[in-house]
2 protein chains.
Amino acid sequence: MSMDTKETILSAARAAAQAHGYGGLNFRDLAAQVGIKAASLHYHFPTKADLGAAVAKRYWQDTAAALEAMRGEMPDAGDCLRRYPSIFRRSLENGNRMCLCSFMAAEFDDLPEAVRDEVENFANINVSWLSETLVAAGLTDPAEAEKRARAIFAAVSGAQLLARSRADITLFDELVGSYRQAGLLPG
Amino acid sequence: MSMDTKETILSAARAAAQAHGYGGLNFRDLAAQVGIKAASLHYHFPTKADLGAAVAKRYWQDTAAALEAMRGEMPDAGDCLRRYPSIFRRSLENGNRMCLCSFMAAEFDDLPEAVRDEVENFANINVSWLSETLVAAGLTDPAEAEKRARAIFAAVSGAQLLARSRADITLFDELVGSYRQAGLLPG
DNA sequence: ACCTGAACACCGTTCAAGT
DNA sequence: ACCTGAACACCGTTCAAGT
């Protein structure tokens with residue numbers, strides 16, 4: 001019961017933050033969606049900073065799990081890299097939302113320290129996975145892998161941001177296509 | 001006098017929005033900075049939406065002017081393209097701020113229609129300039145220029161976003177370097 | 001353990017009214 | 001033309017009280 005409510009809060013807060021950011025996240029709307037009162041949220045998460053950090057942490061953990069699963073299911077590392085943008089595509093499919101941590105990256109100045117740390121973790125697990133996968137695919141010199149991984153992560157994030165601003169998911173696909181054509185991503 | 005106040009508001013609002021976004025922009029702090037009361041701001045800009053649209057409009061107009069100036073000063077189109085990321089670098093240099101319109105792209109869901117339109121204009125003038133400059137540099141088939149231009153715009157935006165989240169401008173430089181290495185930007 | 005109503009201090013926004 | 005006080009709606013948060 002307790003765990004159910006906490007999980008419900010986490011997932012509702014995640015969806016809200018992917019649409020409105022950390023600043024746009026508010027306890028009253030969130031509580032209404034969960035079916036409790038705003039004051040009750042503080043039983044589960046003492047402060048907004050606690051909630052924000054918990055949401056961002058769960059977010060990168062889920063992403064890390066999805067990336068691991070991808071490597072487990074697809075034997076070819078090149079195939080995994082070709083599929084990587086689909087992780088970001090999914091947010092756009094889900095109500096033109098965006099990556100929680102991209103939104104929070106923009107909000108950097110107003111983020112509690114604990115939340116910033118989780119945003120950093122998100123970037124780190126993406127870069128690590130890309131780095132390892134690039135090397136496994138034999139596409140990059142190991143010494144250059146992390147640099148290349150960061151470039152892919154940043155570029156795909158930017159593609160999502162631009163596509164969101166037009167509410168046009170085909171634009172995301174086109175941008176990813178252009179990255180492939182340019183050689184940033186494996187074709 | 002009137003024009004001075006309005007200009008002061010616009011420039012203070014721009015700086016604030018580049019750090020805190022449209023949602024984080026607040027009339028009281030802004031008014032204090034300008035030296036009037038919060039309520040007085042509404043004489044110059046009836047609503048926050050009006051202010052946001054005016055700031056975003058001025059922002060893309062300034063950017064368009066800077067890009068035109070670059071083309072005027074540098075005869076070589078390739079040199080202009082190599083310099084393009086410096087426009088985005090400047091925001092990071094200025095207190096780790098970011099492109100106003102990237103921030104607003106994230107805030108898409110909560111943006112008044114008039115503000116959305118100016119965000120779109122910003123992207124359009126960037127893509128147009130890049131497109132023309134790519135063709136002038138003989139780097140891209142005219143039929144493909146706009147697609148390539150959008151990819152550059154999105155990728156550089158993403159690099160700025162990631163660099164901001166680490167408050168690390170050297171990361172921006174590294175990412176731009178990687179884009180060049182990958183062939184997205186001219187070396 | 002889990003939730004709530006009521007209250008708190010605060011802040012952005014609006015508007016009628018001032019000069 | 002330009003500005004303001006005061007009211008309003010909303011925010012995160014607290015806490016004593018309920019189940």
# chains A, B, ... in the order shown; residues from 1 in each chain; ligands from 1
>>> residues_around(residues="Ala154 of chain B", least_positions_apart="4", cutoff="8 Å", atoms="only C-alpha atoms (C1' of nucleotides)", output="PyMOL selection string")
(chain A and resi 155+158-159+161-162+175) or (chain B and resi 150+158)
>>> write_last_selection(atoms="N, CA and C atoms", output="mmCIF file, in the first residue's frame")
data_model
loop_
_atom_site.group_PDB
_atom_site.id
_atom_site.type_symbol
_atom_site.label_atom_id
_atom_site.label_comp_id
_atom_site.auth_asym_id
_atom_site.auth_seq_id
_atom_site.Cartn_x
_atom_site.Cartn_y
_atom_site.Cartn_z
ATOM 1 N N ALA A 155 24.042 15.399 -29.252
ATOM 2 C CA ALA A 155 23.353 15.639 -30.521
ATOM 3 C C ALA A 155 21.938 15.077 -30.506
ATOM 4 N N GLY A 158 19.760 17.257 -28.429
ATOM 5 C CA GLY A 158 19.400 18.463 -29.175
ATOM 6 C C GLY A 158 18.315 18.194 -30.206
ATOM 7 N N ALA A 159 18.374 17.040 -30.825
ATOM 8 C CA ALA A 159 17.356 16.669 -31.812
ATOM 9 C C ALA A 159 15.990 16.552 -31.143
ATOM 10 N N LEU A 161 15.063 18.069 -28.400
ATOM 11 C CA LEU A 161 14.653 19.420 -27.996
ATOM 12 C C LEU A 161 14.013 20.173 -29.167
ATOM 13 N N LEU A 162 14.648 20.120 -30.313
ATOM 14 C CA LEU A 162 14.113 20.829 -31.477
ATOM 15 C C LEU A 162 12.786 20.212 -31.943
ATOM 16 N N LEU A 175 16.363 14.376 -38.167
ATOM 17 C CA LEU A 175 17.626 14.819 -37.575
ATOM 18 C C LEU A 175 18.549 13.633 -37.305
ATOM 19 N N ARG B 150 19.575 22.007 -40.225
ATOM 20 C CA ARG B 150 18.809 21.652 -39.022
ATOM 21 C C ARG B 150 19.617 20.745 -38.104
ATOM 22 N N GLY B 158 22.279 21.029 -28.482
ATOM 23 C CA GLY B 158 22.462 19.941 -27.524
ATOM 24 C C GLY B 158 23.790 20.044 -26.797
#
>>> interface_residues(of="chain B", to="chain C", cutoff="8 Å", atoms="only C-alpha atoms (C1' of nucleotides)", output="list in words")
Asn26, Phe27 and Arg28 of chain B
>>> closest_atom_pairs(of="chain A", to="chain B", cutoff="8 Å", atoms="only C-alpha atoms", output="Markdown table")
| residue | atom | partner | partner_atom | distance |
| --- | --- | --- | --- | --- |
| A:Ala19 | CA | B:Asp109 | CA | 6.5 |
| A:His20 | CA | B:Glu107 | CA | 6.3 |
| A:Gly21 | CA | B:Glu107 | CA | 7.5 |
| A:Gly23 | CA | B:Gly24 | CA | 7.4 |
| A:Gly24 | CA | B:Gly23 | CA | 7.4 |
| A:Met98 | CA | B:Ala106 | CA | 7.5 |
| A:Ser102 | CA | B:Leu161 | CA | 7.3 |
| A:Phe103 | CA | B:Ala106 | CA | 5.9 |
| A:Ala105 | CA | B:Ser165 | CA | 4.7 |
| A:Ala106 | CA | B:Phe103 | CA | 5.9 |
| A:Glu107 | CA | B:His20 | CA | 6.4 |
| A:Phe108 | CA | B:Ser165 | CA | 5.8 |
| A:Asp109 | CA | B:Ala19 | CA | 6.6 |
| A:Asp110 | CA | B:His20 | CA | 7.0 |
| A:Arg116 | CA | B:Ser165 | CA | 7.9 |
| A:Val119 | CA | B:Ser165 | CA | 7.9 |
| A:Glu120 | CA | B:Ser165 | CA | 7.5 |
| A:Lys147 | CA | B:Ser178 | CA | 6.9 |
| A:Arg148 | CA | B:Ser178 | CA | 6.4 |
| A:Arg150 | CA | B:Leu175 | CA | 7.1 |
| A:Ala151 | CA | B:Leu175 | CA | 5.4 |
| A:Ala154 | CA | B:Gly158 | CA | 4.7 |
| A:Ala155 | CA | B:Ala155 | CA | 4.2 |
| A:Val156 | CA | B:Ala155 | CA | 7.3 |
| A:Ser157 | CA | B:Gly158 | CA | 5.5 |
| A:Gly158 | CA | B:Gly158 | CA | 3.8 |
| A:Ala159 | CA | B:Ala154 | CA | 5.2 |
| A:Leu161 | CA | B:Ala105 | CA | 6.2 |
| A:Leu162 | CA | B:Ala154 | CA | 6.2 |
| A:Arg164 | CA | B:Ala105 | CA | 6.8 |
| A:Ser165 | CA | B:Ala105 | CA | 4.7 |
| A:Arg166 | CA | B:Glu120 | CA | 7.5 |
| A:Glu174 | CA | B:Lys147 | CA | 7.7 |
| A:Leu175 | CA | B:Ala151 | CA | 5.4 |
| A:Ser178 | CA | B:Ala151 | CA | 6.1 |
| A:Tyr179 | CA | B:Ala151 | CA | 6.8 |
| A:Ala182 | CA | B:Leu184 | CA | 5.3 |
| A:Gly183 | CA | B:Ala182 | CA | 5.8 |
| A:Leu184 | CA | B:Ala182 | CA | 5.2 |
>>> decode(residues="segment 82-131 of chain B", atoms="C-alpha atoms", output="PDB file, in the first residue's frame")
ATOM      1  CA  ARG B  82      33.458  27.375 -38.313  1.00  0.00           C
ATOM      2  CA  ARG B  83      32.535  30.433 -36.301  1.00  0.00           C
ATOM      3  CA  TYR B  84      28.861  29.578 -35.949  1.00  0.00           C
ATOM      4  CA  PRO B  85      29.193  27.730 -32.607  1.00  0.00           C
ATOM      5  CA  SER B  86      30.716  30.856 -31.057  1.00  0.00           C
ATOM      6  CA  ILE B  87      27.233  32.377 -31.027  1.00  0.00           C
ATOM      7  CA  PHE B  88      26.137  29.653 -28.625  1.00  0.00           C
ATOM      8  CA  ARG B  89      29.404  29.753 -26.750  1.00  0.00           C
ATOM      9  CA  ARG B  90      28.778  33.361 -25.830  1.00  0.00           C
ATOM     10  CA  SER B  91      25.751  32.456 -23.691  1.00  0.00           C
ATOM     11  CA  LEU B  92      27.815  29.997 -21.692  1.00  0.00           C
ATOM     12  CA  GLU B  93      30.542  32.577 -21.257  1.00  0.00           C
ATOM     13  CA  ASN B  94      27.895  34.916 -19.880  1.00  0.00           C
ATOM     14  CA  GLY B  95      27.252  33.234 -16.536  1.00  0.00           C
ATOM     15  CA  ASN B  96      26.679  29.725 -17.898  1.00  0.00           C
ATOM     16  CA  ARG B  97      23.490  30.937 -19.521  1.00  0.00           C
ATOM     17  CA  MET B  98      21.905  29.194 -22.435  1.00  0.00           C
ATOM     18  CA  CYS B  99      20.141  30.030 -25.641  1.00  0.00           C
ATOM     19  CA  LEU B 100      16.838  31.580 -24.700  1.00  0.00           C
ATOM     20  CA  CYS B 101      15.015  29.592 -27.322  1.00  0.00           C
ATOM     21  CA  SER B 102      16.512  26.253 -26.302  1.00  0.00           C
ATOM     22  CA  PHE B 103      15.216  26.840 -22.811  1.00  0.00           C
ATOM     23  CA  MET B 104      11.866  27.826 -24.211  1.00  0.00           C
ATOM     24  CA  ALA B 105      11.834  24.780 -26.470  1.00  0.00           C
ATOM     25  CA  ALA B 106      11.958  22.671 -23.315  1.00  0.00           C
ATOM     26  CA  GLU B 107       9.134  24.738 -21.850  1.00  0.00           C
ATOM     27  CA  PHE B 108       7.021  24.260 -24.967  1.00  0.00           C
ATOM     28  CA  ASP B 109       3.975  22.892 -23.125  1.00  0.00           C
ATOM     29  CA  ASP B 110       3.635  25.944 -20.930  1.00  0.00           C
ATOM     30  CA  LEU B 111       4.448  28.596 -23.516  1.00  0.00           C
ATOM     31  CA  PRO B 112       1.835  31.058 -24.773  1.00  0.00           C
ATOM     32  CA  GLU B 113       1.214  30.762 -28.500  1.00  0.00           C
ATOM     33  CA  ALA B 114       2.852  34.127 -29.237  1.00  0.00           C
ATOM     34  CA  VAL B 115       6.051  33.021 -27.497  1.00  0.00           C
ATOM     35  CA  ARG B 116       6.088  29.695 -29.308  1.00  0.00           C
ATOM     36  CA  ASP B 117       5.968  31.545 -32.601  1.00  0.00           C
ATOM     37  CA  GLU B 118       9.078  33.561 -31.767  1.00  0.00           C
ATOM     38  CA  VAL B 119      10.919  30.425 -30.653  1.00  0.00           C
ATOM     39  CA  GLU B 120      10.095  28.952 -34.027  1.00  0.00           C
ATOM     40  CA  ASN B 121      11.372  32.097 -35.722  1.00  0.00           C
ATOM     41  CA  PHE B 122      14.670  31.757 -33.902  1.00  0.00           C
ATOM     42  CA  ALA B 123      15.150  28.231 -35.196  1.00  0.00           C
ATOM     43  CA  ASN B 124      14.129  29.348 -38.670  1.00  0.00           C
ATOM     44  CA  ILE B 125      16.625  32.180 -38.955  1.00  0.00           C
ATOM     45  CA  ASN B 126      19.415  29.901 -37.740  1.00  0.00           C
ATOM     46  CA  VAL B 127      18.511  27.171 -40.205  1.00  0.00           C
ATOM     47  CA  SER B 128      18.164  29.643 -43.070  1.00  0.00           C
ATOM     48  CA  TRP B 129      21.543  31.218 -42.392  1.00  0.00           C
ATOM     49  CA  LEU B 130      23.250  27.848 -42.025  1.00  0.00           C
ATOM     50  CA  SER B 131      21.543  26.594 -45.148  1.00  0.00           C
TER      51      SER B 131
END
